[in-house]
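Colleague: Have a look at this one.
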Amino acid sequence: MEQLMIFMFKKLCSANEISTWAGPFSFTTSVAPGSCGIFNLELSDSYSDGWNGGSIDVIINGNTALTGLTILTGGGPEIFQIPANIADVIDIIYNPGGYPEENSYKVFDENGILIFEEGAVQTIPNSISGIEACVNCPAPSNLSSNTSTAGTALIDWTGGSSPFGGTFNVEWGPTGFSQGSGTIVTNINSLSYLLSGLGSITTYDYYVQEVCNPSELSNWTGPFTFTTIYFSTGNPCGIYNLKLINTVSANGNSSWGNSFAKVKINNNLYQTYTIPPGVGNSQTFSFPLDSSDILDIVINFSSSGPWGSDLQYILYDPYNTVIANEQGTGSNDPPLNTYGYQACATAPNSTDDFCDIYTLIMRKAFAGNWQGNVEIEINNNTKYIGSFVGGGYRLKEPISFGVRGNDEVKVIANGLNGFDEYYQCARRFRKYNN
């Protein structure tokens with residue numbers, strides 16, 4: 001192991017004359033590589049004030065090898081070397097201190113390749129367990145997908161053992177699912193697989209594992225996230241129209257600047273719309289909906305442009321009836337959002353057992369992320385998972401969902417660890433000004 005050594009010396013001038021001590025001087029011994037080589041652990045702090053009591057312990061094969069690794073001052077990076085033997089199992093245990101969202105770390109393997117990164121972009125680092133040194137069955141990489149065909153996704157990857165070492169296992173499911181609870185497909189004898197029967201404009205995750213031989217499996221790689229294209233599920237409602245307006249004339253060419261409206265269908269982004277400069281004071285955009293769809297109109301307002309009170313939108317149904325008409329108010333308030341509109345006012349695939357629209361709203365009072373998530377279960381099946389990306393006083397865009405008569409709805413909060421994290425679930429929660 002690397003060791004910090006400190007020494008001092010003094011000079012013997014004669015039998016009766018001895019100099020004062022000089023020093024201390026320090027040097028660091030080099031790390032003897034293991035049979036696999038040396039892993040590097042790189043610590044950084046985005047605020048450049050050290051880790052404020054946070055630290056990392058390194059566990060190898062269940063035994064503590066290094067403890068209390070940290071940045072005392074500054075932003076780093078501080079680099080610590082970890083000798084590794086073939087087949088060693090390494091755990092990186094993160095111990096949070098003050099301001100953990102400022103901490104991040106990277107793990108590089110014996111070839112200097114980045115294999116893990118935790119804590120980037122203002123997220124609190126996780127611990128990492130089960131890093132295998134010099135594995136004989138490398139994990140796949142370069143996960144991607146093609147979602148150009150309705151209801152399908154052609155997922156592909158690169159094999160860990162070049163160019164192709166064996167078969168592959170895939171696990172997939174709704175975005176945010178926990179591994180072990182998804183759909184597993186085994187013994188895929190190619191570098192791609194076609195997922196079918198997928199929902200319209202729905203987001204999924206998938207993981208891939210290589211099977212080098214029956215007794216040797218790689219680590220799972222993933223998740224890779226993709227969203228399917230919008231398509232009719234066979235019960236069309238019709239074409240809806242969204243009209244964006246700038247109420248100030250300005251020679252008939254007042255844009256929305258950097259502000260825009262997001263059209264979300266079934267809680268997933270369908271399209272964003274805005275009025276660009278030079279095309280007039282209004283534009284109308286059209287999009288289709290099925291009678292099973294739930295629609296949200298979310299305004300992303302930028303103060304570096306027209307005043308919020310100048311912006312307006314009108315939403316029309318297929319019969320040209322006004323569904324929503326919102327205009328900004330006050331000194332600089334943008335139009336309100338419209339959440340949870342049920343297309344054609346019918347329940348999914350039913351006209352007689354529709355109960356209501358419910359909406360889950362998540363909020364955090366202070367900066368940072370939630371420590372967990374909120375799950376919506378309908379009849380004991382997880383339908384939606386709400387996670388929260390931080391930023392002081394931010395509201396996560398609500399999750400809207402339809403409920404039928406006799407449905408059992410559960411709202412399950414997982415891992416909440418802060419006095420400023422809270423949520424509510426409201427019925428017919430149609431507009432919310434965030």
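Residue numbering restarts at 1 for every chain of the structure tokens, chains are lettered A, B, ... in their displayed order, and ligands are numbered from 1 as they appear.
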For the structure I just gave you, how does DSSP split segment 141-332 of chain A - specifically, which residues are strand (DSSP E or B)? Reply as a PyMOL selection string.
Modeller: chain A and resi 141-146+153-158+167-174+183-188+192-195+203-213+216-217+221-227+236-246+260-265+268-273+282-290+294-300+311-316+322-327+329
Colleague: Excluding segment 185-194 of chain A and its own-chain neighbours fewer than 3 positions away, which residues fall within 8 Å of it when counting only C-alpha atoms? Please give them as a PDB file with N, CA and C atoms, in the first residue's frame.
Modeller:
ATOM      1  N   THR A 152     -42.609  -0.224 -31.130  1.00  0.00           N
ATOM      2  CA  THR A 152     -41.425  -1.077 -31.035  1.00  0.00           C
ATOM      3  C   THR A 152     -40.193  -0.244 -30.729  1.00  0.00           C
ATOM      4  N   ALA A 153     -39.153  -0.921 -30.303  1.00  0.00           N
ATOM      5  CA  ALA A 153     -37.830  -0.314 -30.134  1.00  0.00           C
ATOM      6  C   ALA A 153     -36.790  -1.369 -30.469  1.00  0.00           C
ATOM      7  N   LEU A 154     -35.932  -1.066 -31.423  1.00  0.00           N
ATOM      8  CA  LEU A 154     -34.825  -1.968 -31.743  1.00  0.00           C
ATOM      9  C   LEU A 154     -33.637  -1.522 -30.899  1.00  0.00           C
ATOM     10  N   ILE A 155     -33.334  -2.300 -29.871  1.00  0.00           N
ATOM     11  CA  ILE A 155     -32.231  -1.955 -28.982  1.00  0.00           C
ATOM     12  C   ILE A 155     -30.976  -2.698 -29.431  1.00  0.00           C
ATOM     13  N   ASP A 156     -29.820  -2.041 -29.281  1.00  0.00           N
ATOM     14  CA  ASP A 156     -28.575  -2.702 -29.665  1.00  0.00           C
ATOM     15  C   ASP A 156     -27.440  -2.262 -28.749  1.00  0.00           C
ATOM     16  N   TRP A 157     -26.296  -2.918 -28.898  1.00  0.00           N
ATOM     17  CA  TRP A 157     -25.169  -2.707 -28.003  1.00  0.00           C
ATOM     18  C   TRP A 157     -23.911  -3.271 -28.652  1.00  0.00           C
ATOM     19  N   THR A 158     -22.780  -3.015 -28.022  1.00  0.00           N
ATOM     20  CA  THR A 158     -21.511  -3.605 -28.438  1.00  0.00           C
ATOM     21  C   THR A 158     -21.108  -4.648 -27.408  1.00  0.00           C
ATOM     22  N   GLY A 159     -20.659  -5.825 -27.889  1.00  0.00           N
ATOM     23  CA  GLY A 159     -20.263  -6.890 -26.972  1.00  0.00           C
ATOM     24  C   GLY A 159     -19.013  -6.518 -26.193  1.00  0.00           C
ATOM     25  N   GLY A 166     -20.291 -14.246 -26.952  1.00  0.00           N
ATOM     26  CA  GLY A 166     -21.255 -15.239 -26.501  1.00  0.00           C
ATOM     27  C   GLY A 166     -22.656 -14.746 -26.725  1.00  0.00           C
ATOM     28  N   THR A 167     -23.579 -15.125 -25.870  1.00  0.00           N
ATOM     29  CA  THR A 167     -24.953 -14.651 -25.962  1.00  0.00           C
ATOM     30  C   THR A 167     -25.157 -13.517 -24.955  1.00  0.00           C
ATOM     31  N   PHE A 168     -26.379 -12.953 -24.959  1.00  0.00           N
ATOM     32  CA  PHE A 168     -26.654 -11.800 -24.111  1.00  0.00           C
ATOM     33  C   PHE A 168     -28.003 -11.954 -23.427  1.00  0.00           C
ATOM     34  N   ASN A 169     -28.095 -11.348 -22.253  1.00  0.00           N
ATOM     35  CA  ASN A 169     -29.357 -11.227 -21.533  1.00  0.00           C
ATOM     36  C   ASN A 169     -29.767  -9.761 -21.509  1.00  0.00           C
ATOM     37  N   VAL A 170     -31.058  -9.508 -21.642  1.00  0.00           N
ATOM     38  CA  VAL A 170     -31.606  -8.153 -21.592  1.00  0.00           C
ATOM     39  C   VAL A 170     -32.695  -8.107 -20.531  1.00  0.00           C
ATOM     40  N   GLU A 171     -32.699  -7.032 -19.743  1.00  0.00           N
ATOM     41  CA  GLU A 171     -33.803  -6.780 -18.818  1.00  0.00           C
ATOM     42  C   GLU A 171     -34.352  -5.394 -19.118  1.00  0.00           C
ATOM     43  N   VAL A 211     -23.109 -13.172 -21.699  1.00  0.00           N
ATOM     44  CA  VAL A 211     -22.899 -14.536 -21.201  1.00  0.00           C
ATOM     45  C   VAL A 211     -21.714 -15.106 -21.960  1.00  0.00           C
TER      46      VAL A 211
END
Colleague: Any idea what's packed within 6 Å of Ile376 of chain A, counting only C-alpha atoms, ignoring anything in its chain fewer than 4 positions away? Could you give it as a list in words?
Modeller: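 These residues fall inside the cut-off: Thr382, Lys383, Tyr384, Lys410 and Val411 of chain A.
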Colleague: Using only C-alpha atoms, determine which residues lie at most 7 Å from segment 230-240 of chain A, disregarding the query and same-chain residues fewer than 5 positions distant; provide the list as a list in words.
Modeller: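 Residues near the query, excluding close chain neighbours: Ala150, Ser200, Ile201, Ser286, Phe287, Pro288, Leu289, Asp290, Ser291, Tyr316, Asp317, Pro318, Ala343 and Cys344 of chain A.
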Colleague: Okay, now the selection with C-alpha atoms, as a PDB file, in the first residue's frame?
Modeller:
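Printed below is result_15.pdb as written:
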ATOM      1  CA  ALA A 150     -44.807   2.604 -33.685  1.00  0.00           C
ATOM      2  CA  SER A 200     -47.368   5.112 -27.277  1.00  0.00           C
ATOM      3  CA  ILE A 201     -44.987   7.937 -26.225  1.00  0.00           C
ATOM      4  CA  SER A 286     -51.898  20.783 -34.204  1.00  0.00           C
ATOM      5  CA  PHE A 287     -51.459  17.350 -32.663  1.00  0.00           C
ATOM      6  CA  PRO A 288     -53.571  14.162 -32.394  1.00  0.00           C
ATOM      7  CA  LEU A 289     -54.916  12.556 -29.222  1.00  0.00           C
ATOM      8  CA  ASP A 290     -56.516   9.212 -28.461  1.00  0.00           C
ATOM      9  CA  SER A 291     -59.445   9.009 -26.080  1.00  0.00           C
ATOM     10  CA  TYR A 316     -59.084  23.859 -28.760  1.00  0.00           C
ATOM     11  CA  ASP A 317     -60.596  20.371 -28.941  1.00  0.00           C
ATOM     12  CA  PRO A 318     -61.455  18.625 -32.260  1.00  0.00           C
ATOM     13  CA  ALA A 343     -58.921  13.656 -24.133  1.00  0.00           C
ATOM     14  CA  CYS A 344     -62.571  13.477 -25.220  1.00  0.00           C
TER      15      CYS A 344
END
Colleague: List the spatial neighbours of segment 125-133 of chain A as a PDB file with C-alpha atoms, in the first residue's frame - criterion: any atom at most 8 Å away, only C-alpha atoms, same-chain residues fewer than 4 positions off excluded.
Modeller:
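out05.pdb, freshly written:
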ATOM      1  CA  CYS A  36      -4.511  -6.961 -12.003  1.00  0.00           C
ATOM      2  CA  ALA A  84      -5.980  -4.872  -7.282  1.00  0.00           C
ATOM      3  CA  ASN A  85      -5.524  -8.564  -7.848  1.00  0.00           C
ATOM      4  CA  ILE A  86      -7.327 -10.591 -10.482  1.00  0.00           C
ATOM      5  CA  ALA A  87     -10.890 -11.449  -9.332  1.00  0.00           C
ATOM      6  CA  ASP A  88     -10.770  -8.990  -6.415  1.00  0.00           C
ATOM      7  CA  VAL A  89     -14.186  -7.535  -5.555  1.00  0.00           C
ATOM      8  CA  ILE A  90     -13.925  -3.863  -4.626  1.00  0.00           C
ATOM      9  CA  ASP A  91     -16.559  -1.787  -2.821  1.00  0.00           C
ATOM     10  CA  ILE A  92     -16.399   2.025  -2.704  1.00  0.00           C
ATOM     11  CA  ILE A  93     -18.318   3.235   0.358  1.00  0.00           C
ATOM     12  CA  TYR A  94     -19.265   6.907   0.345  1.00  0.00           C
ATOM     13  CA  PRO A 100     -22.691  16.181  -0.096  1.00  0.00           C
ATOM     14  CA  GLU A 101     -24.190  17.456  -3.377  1.00  0.00           C
ATOM     15  CA  ASN A 103     -18.888  15.907  -3.837  1.00  0.00           C
ATOM     16  CA  SER A 104     -18.100  13.651  -6.769  1.00  0.00           C
ATOM     17  CA  TYR A 105     -15.707  10.818  -7.482  1.00  0.00           C
ATOM     18  CA  ASP A 109      -9.615   0.617 -13.963  1.00  0.00           C
ATOM     19  CA  GLU A 118     -20.772   9.327  -8.945  1.00  0.00           C
ATOM     20  CA  GLY A 119     -22.014  12.723  -7.838  1.00  0.00           C
ATOM     21  CA  ALA A 120     -21.759  14.659 -11.096  1.00  0.00           C
TER      22      ALA A 120
END
Colleague: Check which residues of segment 206-293 of chain A sit at most 10 Å from segment 301-310 of chain A using only C-alpha atoms, and return one row each with the closest pair of atoms and their distance in Å to one decimal, ordered by chain and rising number, as CSV.
Modeller:
residue,atom,partner,partner_atom,distance
A:Ile245,CA,A:Asp310,CA,8.1
A:Asn246,CA,A:Asp310,CA,5.5
A:Thr247,CA,A:Asp310,CA,5.2
A:Val248,CA,A:Asp310,CA,6.2
A:Ser249,CA,A:Asp310,CA,9.9
A:Ser254,CA,A:Pro306,CA,8.3
A:Ser255,CA,A:Pro306,CA,7.6
A:Trp256,CA,A:Pro306,CA,6.3
A:Gly257,CA,A:Gly305,CA,5.0
A:Asn258,CA,A:Ser302,CA,5.7
A:Ser259,CA,A:Phe301,CA,4.6
A:Phe260,CA,A:Phe301,CA,6.7
A:Ala261,CA,A:Phe301,CA,8.5
Colleague: Print the selection's residues with C-alpha atoms to a file, as a PDB file, in the first residue's frame.
Modeller:
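Result went into out16.pdb, see below:
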ATOM      1  CA  ILE A 245     -50.154  34.426 -28.782  1.00  0.00           C
ATOM      2  CA  ASN A 246     -48.088  37.484 -27.902  1.00  0.00           C
ATOM      3  CA  THR A 247     -50.634  40.141 -26.954  1.00  0.00           C
ATOM      4  CA  VAL A 248     -48.315  43.067 -27.763  1.00  0.00           C
ATOM      5  CA  SER A 249     -48.614  44.218 -31.384  1.00  0.00           C
ATOM      6  CA  SER A 254     -43.837  39.800 -31.314  1.00  0.00           C
ATOM      7  CA  SER A 255     -42.244  36.426 -30.535  1.00  0.00           C
ATOM      8  CA  TRP A 256     -42.181  34.333 -27.369  1.00  0.00           C
ATOM      9  CA  GLY A 257     -38.433  34.896 -27.075  1.00  0.00           C
ATOM     10  CA  ASN A 258     -36.814  31.990 -25.181  1.00  0.00           C
ATOM     11  CA  SER A 259     -40.131  30.866 -23.669  1.00  0.00           C
ATOM     12  CA  PHE A 260     -42.010  27.861 -25.043  1.00  0.00           C
ATOM     13  CA  ALA A 261     -44.963  25.537 -24.398  1.00  0.00           C
TER      14      ALA A 261
END
Colleague: So which residues touch Gly340 of chain A within 6 Å, counting only C-alpha atoms, skipping near sequence neighbours fewer than 2 positions away, as an mmCIF file with C-alpha atoms, in the first residue's frame?
Modeller:
data_model
loop_
_atom_site.group_PDB
_atom_site.id
_atom_site.type_symbol
_atom_site.label_atom_id
_atom_site.label_comp_id
_atom_site.auth_asym_id
_atom_site.auth_seq_id
_atom_site.Cartn_x
_atom_site.Cartn_y
_atom_site.Cartn_z
ATOM 1 C CA ILE A 294 -54.040 12.586 -20.741
ATOM 2 C CA LEU A 295 -52.725 15.969 -21.848
ATOM 3 C CA ASP A 296 -50.595 18.555 -20.030
ATOM 4 C CA SER A 400 -51.358 12.947 -14.140
ATOM 5 C CA ARG A 430 -56.029 20.972 -13.441
#
Colleague: As an exercise, work out the distance from atom CA of Gly53 of chain A to atom CA of Thr70 of chain A in Å and give it to one decimal place.
Modeller: 7.9 Å
Colleague: Provide the atom CA of Gly182 of chain A to atom CA of Gln371 of chain A distance in Å, to one decimal place.
Modeller: 22.6 Å
Colleague: Which residues are near Glu110 of chain A? Cut-off 8 Å, only C-alpha atoms, ignore same chain within fewer than 3 positions. Put them as a ChimeraX atom specification.
Modeller: /A:36-40,113,134
